[in-house]
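> File final.cif follows (mmCIF, C-alpha atoms):
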```
data_structure
#
loop_
_atom_site.group_PDB
_atom_site.id
_atom_site.type_symbol
_atom_site.label_atom_id
_atom_site.label_comp_id
_atom_site.auth_asym_id
_atom_site.auth_seq_id
_atom_site.Cartn_x
_atom_site.Cartn_y
_atom_site.Cartn_z
ATOM 1 C CA MET I 1 1.820 -56.771 -19.919
ATOM 2 C CA GLU I 2 5.086 -55.215 -21.080
ATOM 3 C CA LYS I 3 3.036 -52.518 -22.880
ATOM 4 C CA LEU I 4 1.339 -51.703 -19.603
ATOM 5 C CA LEU I 5 4.747 -51.333 -17.977
ATOM 6 C CA LEU I 6 5.902 -49.079 -20.804
ATOM 7 C CA PHE I 7 2.743 -46.987 -20.415
ATOM 8 C CA VAL I 8 3.390 -46.486 -16.704
ATOM 9 C CA LEU I 9 7.053 -45.618 -17.281
ATOM 10 C CA MET I 10 6.231 -43.109 -20.010
ATOM 11 C CA ALA I 11 3.544 -41.602 -17.798
ATOM 12 C CA VAL I 12 6.097 -41.065 -15.032
ATOM 13 C CA VAL I 13 8.565 -39.414 -17.427
ATOM 14 C CA TRP I 14 5.829 -37.187 -18.874
ATOM 15 C CA MET I 15 4.471 -36.096 -15.508
ATOM 16 C CA THR I 16 7.972 -35.369 -14.192
ATOM 17 C CA ALA I 17 8.732 -33.177 -17.190
ATOM 18 C CA GLN I 18 5.418 -31.339 -16.800
ATOM 19 C CA ALA I 19 5.920 -30.869 -13.061
ATOM 20 C CA GLN I 20 9.348 -29.409 -13.658
ATOM 21 C CA GLN I 21 8.051 -27.021 -16.300
ATOM 22 C CA ILE I 22 5.147 -25.811 -14.155
ATOM 23 C CA ASP I 23 7.467 -25.330 -11.197
ATOM 24 C CA GLU I 24 9.918 -23.333 -13.295
ATOM 25 C CA GLU I 25 7.123 -21.103 -14.553
ATOM 26 C CA LEU I 26 5.876 -20.524 -11.016
ATOM 27 C CA ALA I 27 9.423 -19.797 -9.859
ATOM 28 C CA MET I 28 9.775 -17.083 -12.486
ATOM 29 C CA LYS I 29 6.496 -15.555 -11.362
ATOM 30 C CA ALA I 30 7.575 -15.722 -7.725
ATOM 31 C CA LEU I 31 10.857 -14.003 -8.546
ATOM 32 C CA PHE I 32 9.034 -11.208 -10.364
ATOM 33 C CA GLN I 33 6.619 -10.805 -7.468
ATOM 34 C CA GLY I 34 9.570 -10.602 -5.086
ATOM 35 C CA LYS I 35 11.385 -8.090 -7.274
ATOM 36 C CA HIS I 36 8.336 -5.862 -7.558
ATOM 37 C CA ALA I 37 7.808 -6.042 -3.805
ATOM 38 C CA VAL I 38 11.446 -5.060 -3.187
ATOM 39 C CA ASN I 39 11.232 -2.232 -5.723
ATOM 40 C CA ARG I 40 8.058 -0.859 -4.162
ATOM 41 C CA ALA I 41 9.440 -1.169 -0.641
ATOM 42 C CA ALA I 42 12.628 0.669 -1.589
ATOM 43 C CA HIS I 43 10.577 3.270 -3.443
ATOM 44 C CA ALA I 44 8.362 3.885 -0.411
ATOM 45 C CA ALA I 45 11.402 4.067 1.878
ATOM 46 C CA ALA I 46 13.115 6.630 -0.351
ATOM 47 C CA GLN I 47 10.134 9.007 0.059
ATOM 48 C CA GLN I 48 10.468 9.177 3.863
ATOM 49 C CA LEU I 49 11.906 12.673 4.098
ATOM 50 C CA ASP I 50 12.713 14.194 7.435
ATOM 51 C CA GLU I 51 10.427 17.213 7.215
ATOM 52 C CA ARG I 52 12.090 19.221 9.978
ATOM 53 C CA ARG I 53 15.437 19.020 8.194
ATOM 54 C CA LEU I 54 13.739 19.739 4.872
ATOM 55 C CA ALA I 55 12.663 23.055 6.389
ATOM 56 C CA TYR I 56 16.381 23.923 6.666
ATOM 57 C CA GLY I 57 16.924 22.875 3.039
ATOM 58 C CA GLU I 58 18.442 19.488 3.850
ATOM 59 C CA VAL I 59 17.069 16.597 1.839
ATOM 60 C CA HIS I 60 17.480 13.874 4.440
ATOM 61 C CA ILE I 61 15.836 10.432 4.467
ATOM 62 C CA ASP I 62 14.787 9.351 7.949
ATOM 63 C CA SER I 63 16.251 5.845 8.279
ATOM 64 C CA GLY I 64 13.815 4.765 11.011
ATOM 65 C CA GLU I 65 10.790 5.659 8.932
ATOM 66 C CA ALA I 66 12.451 4.168 5.854
ATOM 67 C CA ALA I 67 12.800 0.826 7.634
ATOM 68 C CA ALA I 68 9.163 0.981 8.763
ATOM 69 C CA ALA I 69 7.997 1.738 5.216
ATOM 70 C CA ILE I 70 10.035 -1.167 3.864
ATOM 71 C CA ARG I 71 8.401 -3.557 6.293
ATOM 72 C CA GLN I 72 4.947 -2.224 5.517
ATOM 73 C CA TYR I 73 5.347 -2.510 1.736
ATOM 74 C CA LEU I 74 7.020 -5.937 1.864
ATOM 75 C CA MET I 75 4.213 -7.163 4.113
ATOM 76 C CA ALA I 76 1.520 -5.896 1.755
ATOM 77 C CA ASN I 77 3.106 -7.006 -1.492
ATOM 78 C CA LEU I 78 4.228 -10.463 -0.351
ATOM 79 C CA GLN I 79 1.374 -11.064 2.142
ATOM 80 C CA LEU I 80 3.516 -11.390 5.259
ATOM 81 C CA ASP I 81 2.668 -10.895 8.909
ATOM 82 C CA GLY I 82 4.448 -8.595 11.369
ATOM 83 C CA THR I 83 7.462 -10.905 11.712
ATOM 84 C CA LEU I 84 7.792 -11.124 7.899
ATOM 85 C CA THR I 85 6.515 -14.708 7.992
ATOM 86 C CA PRO I 86 4.233 -15.508 5.042
ATOM 87 C CA MET I 87 0.507 -15.765 5.726
ATOM 88 C CA ALA I 88 -1.518 -18.720 4.435
ATOM 89 C CA SER I 89 -2.551 -16.824 1.290
ATOM 90 C CA SER I 90 1.035 -15.961 0.347
ATOM 91 C CA LEU I 91 2.942 -17.605 -2.464
ATOM 92 C CA PHE I 92 5.923 -18.027 -0.152
ATOM 93 C CA ARG I 93 6.350 -20.348 2.837
ATOM 94 C CA GLU I 94 9.553 -19.338 4.604
ATOM 95 C CA ARG I 95 10.331 -16.164 6.486
ATOM 96 C CA VAL I 96 11.534 -13.281 4.339
ATOM 97 C CA GLU I 97 14.779 -11.791 5.553
ATOM 98 C CA ILE I 98 15.944 -8.213 5.034
ATOM 99 C CA VAL I 99 19.678 -8.813 4.653
ATOM 100 C CA LEU I 100 20.719 -5.309 3.730
ATOM 101 C CA LEU I 101 19.173 -1.891 4.102
ATOM 102 C CA GLU I 102 21.330 1.088 3.298
ATOM 103 C CA VAL I 103 20.129 4.671 3.309
ATOM 104 C CA ILE I 104 22.273 6.932 1.134
ATOM 105 C CA ASN I 105 21.797 10.462 2.387
ATOM 106 C CA GLU I 106 22.675 13.976 1.339
ATOM 107 C CA ASP I 107 26.093 13.840 3.035
ATOM 108 C CA ARG I 108 27.575 11.830 0.124
ATOM 109 C CA SER I 109 28.648 13.472 -3.093
ATOM 110 C CA PHE I 110 26.446 12.690 -6.070
ATOM 111 C CA PRO I 111 26.517 10.868 -8.442
ATOM 112 C CA TYR I 112 27.391 8.290 -5.813
ATOM 113 C CA THR I 113 28.312 4.741 -6.798
ATOM 114 C CA TYR I 114 27.414 2.174 -4.194
ATOM 115 C CA SER I 115 29.090 -1.192 -4.541
ATOM 116 C CA ASN I 116 28.807 -4.289 -2.406
ATOM 117 C CA SER I 117 31.038 -7.224 -3.322
ATOM 118 C CA ALA I 118 29.381 -9.587 -0.824
ATOM 119 C CA TYR I 119 26.143 -9.500 -2.831
ATOM 120 C CA ASN I 120 27.781 -8.604 -6.141
ATOM 121 C CA TYR I 121 25.761 -5.423 -6.448
ATOM 122 C CA GLU I 122 26.665 -2.032 -7.823
ATOM 123 C CA VAL I 123 24.431 0.930 -8.469
ATOM 124 C CA THR I 124 24.893 4.643 -9.121
ATOM 125 C CA LEU I 125 22.581 7.135 -7.479
ATOM 126 C CA GLU I 126 22.011 10.693 -8.645
ATOM 127 C CA ARG I 127 20.078 11.666 -5.525
ATOM 128 C CA PRO I 128 19.615 10.378 -1.991
ATOM 129 C CA GLY I 129 18.045 6.947 -2.012
ATOM 130 C CA VAL I 130 17.654 3.542 -0.428
ATOM 131 C CA ILE I 131 19.302 0.209 -1.254
ATOM 132 C CA LEU I 132 17.512 -2.946 -0.201
ATOM 133 C CA ILE I 133 18.456 -6.629 -0.477
ATOM 134 C CA VAL I 134 16.012 -9.293 0.631
ATOM 135 C CA ARG I 135 16.416 -13.059 0.832
ATOM 136 C CA LEU I 136 13.570 -15.137 -0.549
ATOM 137 C CA HIS I 137 13.080 -18.910 -0.594
ATOM 138 C CA TYR I 138 10.995 -20.355 -3.371
ATOM 139 C CA PRO I 139 8.579 -23.038 -2.092
ATOM 140 C CA ARG I 140 8.770 -25.773 -4.706
ATOM 141 C CA ALA I 141 5.408 -27.279 -5.628
ATOM 142 C CA PHE I 142 7.114 -30.520 -6.672
ATOM 143 C CA ASN I 143 10.523 -31.763 -5.629
ATOM 144 C CA VAL I 144 11.809 -32.036 -9.196
ATOM 145 C CA LEU I 145 13.805 -28.826 -8.963
ATOM 146 C CA ARG I 146 16.660 -28.236 -6.587
ATOM 147 C CA PRO I 147 15.947 -25.753 -3.759
ATOM 148 C CA ILE I 148 15.857 -22.150 -4.963
ATOM 149 C CA GLU I 149 16.900 -19.111 -2.961
ATOM 150 C CA TRP I 150 17.216 -15.569 -4.229
ATOM 151 C CA TYR I 151 18.867 -12.409 -3.019
ATOM 152 C CA VAL I 152 16.504 -9.875 -4.540
ATOM 153 C CA LYS I 153 18.108 -6.456 -4.877
ATOM 154 C CA GLY I 154 16.464 -3.118 -5.396
ATOM 155 C CA THR I 155 17.309 0.559 -5.245
ATOM 156 C CA ALA I 156 15.139 3.637 -5.292
ATOM 157 C CA GLU I 157 15.956 7.292 -5.393
ATOM 158 C CA LEU I 158 14.039 10.146 -3.898
ATOM 159 C CA VAL I 159 11.462 11.500 -6.337
ATOM 160 C CA TYR I 160 10.970 15.225 -6.536
ATOM 161 C CA MET L 161 -5.926 -67.436 -30.121
ATOM 162 C CA LYS L 162 -6.849 -65.851 -26.831
ATOM 163 C CA GLN L 163 -9.903 -67.228 -25.106
ATOM 164 C CA TRP L 164 -12.334 -64.411 -24.066
ATOM 165 C CA THR L 165 -14.133 -65.220 -20.841
ATOM 166 C CA ARG L 166 -16.587 -62.934 -19.112
ATOM 167 C CA GLY L 167 -14.049 -62.147 -16.360
ATOM 168 C CA SER L 168 -11.318 -61.129 -18.760
ATOM 169 C CA VAL L 169 -13.668 -58.900 -20.774
ATOM 170 C CA VAL L 170 -14.873 -57.104 -17.653
ATOM 171 C CA ARG L 171 -11.272 -56.653 -16.531
ATOM 172 C CA SER L 172 -10.234 -55.295 -19.918
ATOM 173 C CA ILE L 173 -13.078 -52.802 -19.923
ATOM 174 C CA LEU L 174 -12.243 -51.690 -16.388
ATOM 175 C CA VAL L 175 -8.560 -51.244 -17.249
ATOM 176 C CA PHE L 176 -9.537 -49.353 -20.392
ATOM 177 C CA VAL L 177 -11.863 -46.959 -18.539
ATOM 178 C CA LEU L 178 -9.343 -46.296 -15.791
ATOM 179 C CA PHE L 179 -6.468 -45.718 -18.158
ATOM 180 C CA ALA L 180 -8.526 -43.620 -20.559
ATOM 181 C CA GLY L 181 -9.404 -41.250 -17.696
ATOM 182 C CA MET L 182 -5.826 -41.093 -16.508
ATOM 183 C CA LEU L 183 -4.497 -40.604 -20.018
ATOM 184 C CA CYS L 184 -6.911 -37.711 -20.639
ATOM 185 C CA TRP L 185 -5.882 -36.144 -17.360
ATOM 186 C CA MET L 186 -2.169 -36.585 -18.012
ATOM 187 C CA MET L 187 -2.393 -35.133 -21.489
ATOM 188 C CA PHE L 188 -4.637 -32.157 -20.824
ATOM 189 C CA SER L 189 -4.256 -31.217 -17.169
ATOM 190 C CA PRO L 190 -0.781 -29.628 -17.584
ATOM 191 C CA ILE L 191 -2.124 -27.495 -20.425
ATOM 192 C CA TYR L 192 -4.967 -26.241 -18.231
ATOM 193 C CA LYS L 193 -2.397 -25.411 -15.565
ATOM 194 C CA HIS L 194 -0.374 -23.422 -18.083
ATOM 195 C CA VAL L 195 -3.493 -21.479 -19.068
ATOM 196 C CA LEU L 196 -4.036 -20.732 -15.372
ATOM 197 C CA ILE L 197 -0.453 -19.532 -14.917
ATOM 198 C CA VAL L 198 -0.560 -17.355 -18.016
ATOM 199 C CA ARG L 199 -3.910 -15.790 -17.100
ATOM 200 C CA HIS L 200 -2.646 -14.984 -13.633
ATOM 201 C CA ALA L 201 0.549 -13.561 -15.124
ATOM 202 C CA ALA L 202 -1.548 -11.364 -17.422
ATOM 203 C CA ILE L 203 -3.602 -9.859 -14.608
ATOM 204 C CA GLN L 204 -0.490 -9.485 -12.428
ATOM 205 C CA GLN L 205 1.219 -7.581 -15.239
ATOM 206 C CA GLU L 206 -1.820 -5.341 -15.499
ATOM 207 C CA VAL L 207 -1.683 -4.670 -11.731
ATOM 208 C CA ASP L 208 2.003 -3.763 -12.010
ATOM 209 C CA TYR L 209 1.367 -1.463 -14.948
ATOM 210 C CA LEU L 210 -1.629 0.304 -13.401
ATOM 211 C CA LEU L 211 0.280 0.831 -10.140
ATOM 212 C CA GLU L 212 3.306 2.152 -12.006
ATOM 213 C CA VAL L 213 1.144 4.696 -13.819
ATOM 214 C CA GLY L 214 -1.354 5.360 -11.037
ATOM 215 C CA ALA L 215 1.234 6.039 -8.354
ATOM 216 C CA ASN L 216 3.444 8.353 -10.406
ATOM 217 C CA GLY L 217 3.721 12.077 -9.870
ATOM 218 C CA ASP L 218 1.150 12.918 -12.559
ATOM 219 C CA HIS L 219 -1.618 10.698 -11.231
ATOM 220 C CA GLY L 220 -1.934 9.509 -7.644
ATOM 221 C CA TYR L 221 -5.158 7.673 -8.500
ATOM 222 C CA ILE L 222 -6.586 4.859 -10.655
ATOM 223 C CA ASP L 223 -9.849 6.141 -12.057
ATOM 224 C CA ALA L 224 -12.651 4.498 -14.033
ATOM 225 C CA ALA L 225 -11.173 5.482 -17.411
ATOM 226 C CA MET L 226 -7.870 3.773 -16.591
ATOM 227 C CA VAL L 227 -9.718 0.663 -15.416
ATOM 228 C CA ALA L 228 -11.793 0.616 -18.628
ATOM 229 C CA GLN L 229 -8.622 0.774 -20.747
ATOM 230 C CA SER L 230 -7.101 -1.980 -18.669
ATOM 231 C CA ARG L 231 -10.173 -4.164 -19.213
ATOM 232 C CA GLN L 232 -9.781 -3.701 -22.966
ATOM 233 C CA ARG L 233 -6.098 -4.670 -22.858
ATOM 234 C CA LEU L 234 -6.986 -7.849 -20.986
ATOM 235 C CA ALA L 235 -9.876 -8.576 -23.376
ATOM 236 C CA VAL L 236 -7.334 -8.632 -26.218
ATOM 237 C CA LEU L 237 -5.629 -11.499 -24.376
ATOM 238 C CA GLY L 238 -8.910 -13.416 -24.292
ATOM 239 C CA LEU L 239 -10.215 -12.629 -20.795
ATOM 240 C CA ARG L 240 -13.878 -11.715 -20.375
ATOM 241 C CA GLN L 241 -14.166 -8.015 -19.535
ATOM 242 C CA ASP L 242 -17.268 -8.317 -17.371
ATOM 243 C CA ALA L 243 -15.743 -11.088 -15.249
ATOM 244 C CA LEU L 244 -12.727 -8.974 -14.248
ATOM 245 C CA ARG L 245 -13.080 -7.262 -10.875
ATOM 246 C CA TYR L 246 -10.947 -4.274 -9.848
ATOM 247 C CA GLU L 247 -10.544 -3.115 -6.263
ATOM 248 C CA VAL L 248 -8.672 0.147 -5.756
ATOM 249 C CA SER L 249 -7.980 1.426 -2.259
ATOM 250 C CA ALA L 250 -5.669 3.675 -0.281
ATOM 251 C CA THR L 251 -3.722 2.848 2.877
ATOM 252 C CA ASP L 252 -5.241 5.797 4.731
ATOM 253 C CA GLY L 253 -8.781 4.821 3.750
ATOM 254 C CA SER L 254 -9.422 7.721 1.391
ATOM 255 C CA ILE L 255 -10.885 7.298 -2.092
ATOM 256 C CA ALA L 256 -8.215 6.380 -4.640
ATOM 257 C CA THR L 257 -10.355 6.486 -7.782
ATOM 258 C CA ASN L 258 -10.998 10.220 -7.943
ATOM 259 C CA ALA L 259 -8.775 12.076 -10.413
ATOM 260 C CA ALA L 260 -9.773 15.400 -8.847
ATOM 261 C CA VAL L 261 -8.443 14.366 -5.420
ATOM 262 C CA PRO L 262 -5.219 12.380 -5.964
ATOM 263 C CA LEU L 263 -3.473 10.573 -3.134
ATOM 264 C CA VAL L 264 -0.553 12.632 -1.897
ATOM 265 C CA ARG L 265 2.971 11.340 -1.432
ATOM 266 C CA GLY L 266 3.245 8.951 1.469
ATOM 267 C CA THR L 267 -0.128 7.324 0.919
ATOM 268 C CA GLY L 268 -0.093 3.818 -0.536
ATOM 269 C CA LEU L 269 -2.187 2.972 -3.581
ATOM 270 C CA ALA L 270 -3.434 -0.636 -3.495
ATOM 271 C CA LEU L 271 -4.941 -2.545 -6.391
ATOM 272 C CA THR L 272 -6.369 -6.054 -6.637
ATOM 273 C CA ILE L 273 -7.601 -7.592 -9.881
ATOM 274 C CA SER L 274 -9.469 -10.875 -9.682
ATOM 275 C CA TYR L 275 -10.805 -13.259 -12.304
ATOM 276 C CA PRO L 276 -12.774 -16.511 -11.943
ATOM 277 C CA TYR L 277 -10.967 -19.830 -12.413
ATOM 278 C CA ASP L 278 -13.539 -20.694 -15.088
ATOM 279 C CA GLY L 279 -13.463 -24.439 -14.527
ATOM 280 C CA LEU L 280 -9.740 -24.770 -15.168
ATOM 281 C CA PHE L 281 -9.632 -27.292 -12.317
ATOM 282 C CA ALA L 282 -12.631 -29.317 -13.554
ATOM 283 C CA ILE L 283 -10.331 -31.795 -15.323
ATOM 284 C CA ASP L 284 -8.787 -32.766 -11.976
ATOM 285 C CA ARG L 285 -12.046 -34.501 -11.092
ATOM 286 C CA LEU L 286 -10.996 -37.265 -13.520
ATOM 287 C CA ILE L 287 -8.459 -38.447 -10.963
ATOM 288 C CA GLY L 288 -10.625 -37.601 -7.973
ATOM 289 C CA LEU L 289 -9.183 -34.252 -6.886
ATOM 290 C CA ALA L 290 -11.752 -31.774 -5.609
ATOM 291 C CA SER L 291 -11.874 -28.506 -7.554
ATOM 292 C CA PRO L 292 -12.166 -25.129 -5.788
ATOM 293 C CA PRO L 293 -15.676 -23.696 -5.249
ATOM 294 C CA GLU L 294 -17.502 -22.052 -8.162
ATOM 295 C CA ASP L 295 -17.011 -18.511 -6.866
ATOM 296 C CA ALA L 296 -13.266 -18.880 -6.191
ATOM 297 C CA ARG L 297 -11.179 -16.342 -8.070
ATOM 298 C CA MET L 298 -7.517 -15.891 -8.937
ATOM 299 C CA ARG L 299 -6.164 -12.632 -7.559
ATOM 300 C CA ALA L 300 -3.275 -10.390 -8.437
ATOM 301 C CA PHE L 301 -2.453 -7.524 -6.116
ATOM 302 C CA GLY L 302 0.054 -4.814 -5.320
ATOM 303 C CA LEU L 303 0.673 -1.768 -3.144
ATOM 304 C CA LYS L 304 2.765 1.206 -4.226
ATOM 305 C CA MET L 305 3.343 4.565 -2.622
ATOM 306 C CA SER L 306 1.959 7.562 -4.456
ATOM 307 C CA GLU L 307 4.489 10.141 -5.667
ATOM 308 C CA TYR L 308 1.973 12.912 -6.237
ATOM 309 C CA VAL L 309 2.879 16.245 -4.669
ATOM 310 C CA PRO L 310 0.267 18.975 -5.005
#
```
Before we go any further, please render this structure as structure tokens.


Amino acid sequence: MEKLLLFVLMAVVWMTAQAQQIDEELAMKALFQGKHAVNRAAHAAAQQLDERRLAYGEVHIDSGEAAAAIRQYLMANLQLDGTLTPMASSLFRERVEIVLLEVINEDRSFPYTYSNSAYNYEVTLERPGVILIVRLHYPRAFNVLRPIEWYVKGTAELVY
Amino acid sequence: MKQWTRGSVVRSILVFVLFAGMLCWMMFSPIYKHVLIVRHAAIQQEVDYLLEVGANGDHGYIDAAMVAQSRQRLAVLGLRQDALRYEVSATDGSIATNAAVPLVRGTGLALTISYPYDGLFAIDRLIGLASPPEDARMRAFGLKMSEYVP
């Protein structure tokens, strides 16, 4: 009987360790998916040139269209609906929040170093670009890990 | 010396069968799950790579040659080439697989790679969990804006 008890106890320890490992692996994958989504959203936003001002030789990113592009690319890459709430097929469960969106335009002098102490982020841009920080919650598959929340940061410059 | 009665033998056999099934599941199921995670990570990495290359200023498309090379890279990792399925599309509905007509800047290039689960959930039937249907597939996807300027 005591062997049976030992078997059950060992089984619990083993399953807990496995659950934690699987959850950590999935968390890494989720973070990478989030980072790629943020990178692609920032990249798409940085290509939103104001064409009328480009005609006058000004390389100006339209911040309204940049914000729209960010939403579109976050929605596609993270499978979110119009309110940035994850759809059933998404890896995530809680609403994704855009906490910072900064368009760096041609009126700054380049190379321009952007720094933000609130999010501990610093980046140097050689051209006009977009800085994006998004908050993501990781939905734990098992409750072995403590809750995980990321501020995923990304920057993209205009490509030309 | 323990006295074996019919009841105790039947109980022992029942306990043995139940625990043998559970033990098999506990030992092997996590490994199957790791295989699943790694396979999905491999196709996701391939999606990221193809989008990175396909959306850059020199391409603006993902054509059949690029897909064939990608299939070979995944075959090296042990995936079956013919079971991989690639879906390339563009946000404006135009054809994204033609190297002669690349997507111009502003158009999104979308790619989905899918691969069957290949019975990786079959072991869960040992403890009575239903596995997904035969034709269910794992999917990795991404959307990136093309940088191509004619």

> As a PyMOL selection string, please: the residues near Glu122 in chain I (cut-off 12 Å, all atoms listed in the file, same-chain neighbours under 6 positions excluded).

chain I and resi 112-116+131-133+153-155

> I'd like a table as a tab-separated table: residues in chain I with an atom no more than 7 Å from chain L, each row giving the shortest atom pair and its distance in Å to one decimal, only C-alpha atoms counted, sorted by chain and rising residue number.


```
residue	atom	partner	partner_atom	distance
I:Gln18	CA	L:Pro190	CA	6.5
I:Arg40	CA	L:Lys304	CA	5.7
I:Ala44	CA	L:Met305	CA	5.5
I:Tyr73	CA	L:Leu303	CA	6.8
I:Ala76	CA	L:Leu303	CA	6.5
I:Asn77	CA	L:Gly302	CA	5.4
```

> Can I get the selected residues back with C-alpha atoms, as a CSV table (one decimal), in the coordinates of the input?


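Result file is part-v2.csv:
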```
chain,number,residue,atom,x,y,z
I,18,GLN,CA,5.4,-31.3,-16.8
I,40,ARG,CA,8.1,-0.9,-4.2
I,44,ALA,CA,8.4,3.9,-0.4
I,73,TYR,CA,5.3,-2.5,1.7
I,76,ALA,CA,1.5,-5.9,1.8
I,77,ASN,CA,3.1,-7.0,-1.5
```

> Work out how far apart CA of Gly64 in chain I and CA of Glu157 in chain I are and give it in Å to one decimal.

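CA of Glu157 in chain I lies at a distance of 16.7 Å from CA of Gly64 in chain I.
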
> Between CA of Glu65 in chain I and CA of Tyr138 in chain I, measure the distance and give it in Å to one decimal.

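Taking CA of Glu65 in chain I as the start and CA of Tyr138 in chain I as the end point, the length is 28.8 Å.
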
> Using the chain letters and numbers from the file, which residues does the PyMOL selection byres ((chain L and resi 210) around 9) grab, as an MDAnalysis selection string?

chainID L and resid 205:209 211:215 222 226:227 230 271

> Quick one: distance from CA of Gln20 in chain I to CA of Arg285 in chain L in Å, one decimal?

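Computing the Euclidean distance for CA of Gln20 in chain I and CA of Arg285 in chain L yields 22.1 Å.
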
> Selection in question (the file shown): the PyMOL selection byres ((chain I and resi 78-95) around 9). Which residues does it include, as a list of chain:residue names?

I:Ala30, I:Gln33, I:Gly34, I:Ala37, I:Arg71, I:Gln72, I:Tyr73, I:Leu74, I:Met75, I:Ala76, I:Asn77, I:Val96, I:Glu97, I:Arg135, I:Leu136, I:His137, I:Tyr138, I:Pro139, L:Gly302

> Name the residues in contact with Asn39 in chain I at a cut-off of 8 Å, using all atoms listed in the file, excluding same-chain residues fewer than 3 positions from it; report them as an mmCIF file with C-alpha atoms, in the frame of the given file.


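Saved as around.cif:
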```cif
data_model
loop_
_atom_site.group_PDB
_atom_site.id
_atom_site.type_symbol
_atom_site.label_atom_id
_atom_site.label_comp_id
_atom_site.auth_asym_id
_atom_site.auth_seq_id
_atom_site.Cartn_x
_atom_site.Cartn_y
_atom_site.Cartn_z
ATOM 1 C CA LYS I 35 11.385 -8.090 -7.274
ATOM 2 C CA HIS I 36 8.336 -5.862 -7.558
ATOM 3 C CA ALA I 42 12.628 0.669 -1.589
ATOM 4 C CA HIS I 43 10.577 3.270 -3.443
ATOM 5 C CA GLY I 154 16.464 -3.118 -5.396
ATOM 6 C CA THR I 155 17.309 0.559 -5.245
ATOM 7 C CA ALA I 156 15.139 3.637 -5.292
#
```

> For Phe142 in chain I, find every residue with an atom within 12 Å (counting only C-alpha atoms), except residues of its own chain fewer than 4 positions away, and show them as a list in words.

Met15, Thr16, Ala17, Gln18, Ala19, Gln20, Gln21, Ile22, Asp23, Glu24, Leu26, Ala27, Tyr138, Arg146 and Pro147 of chain I
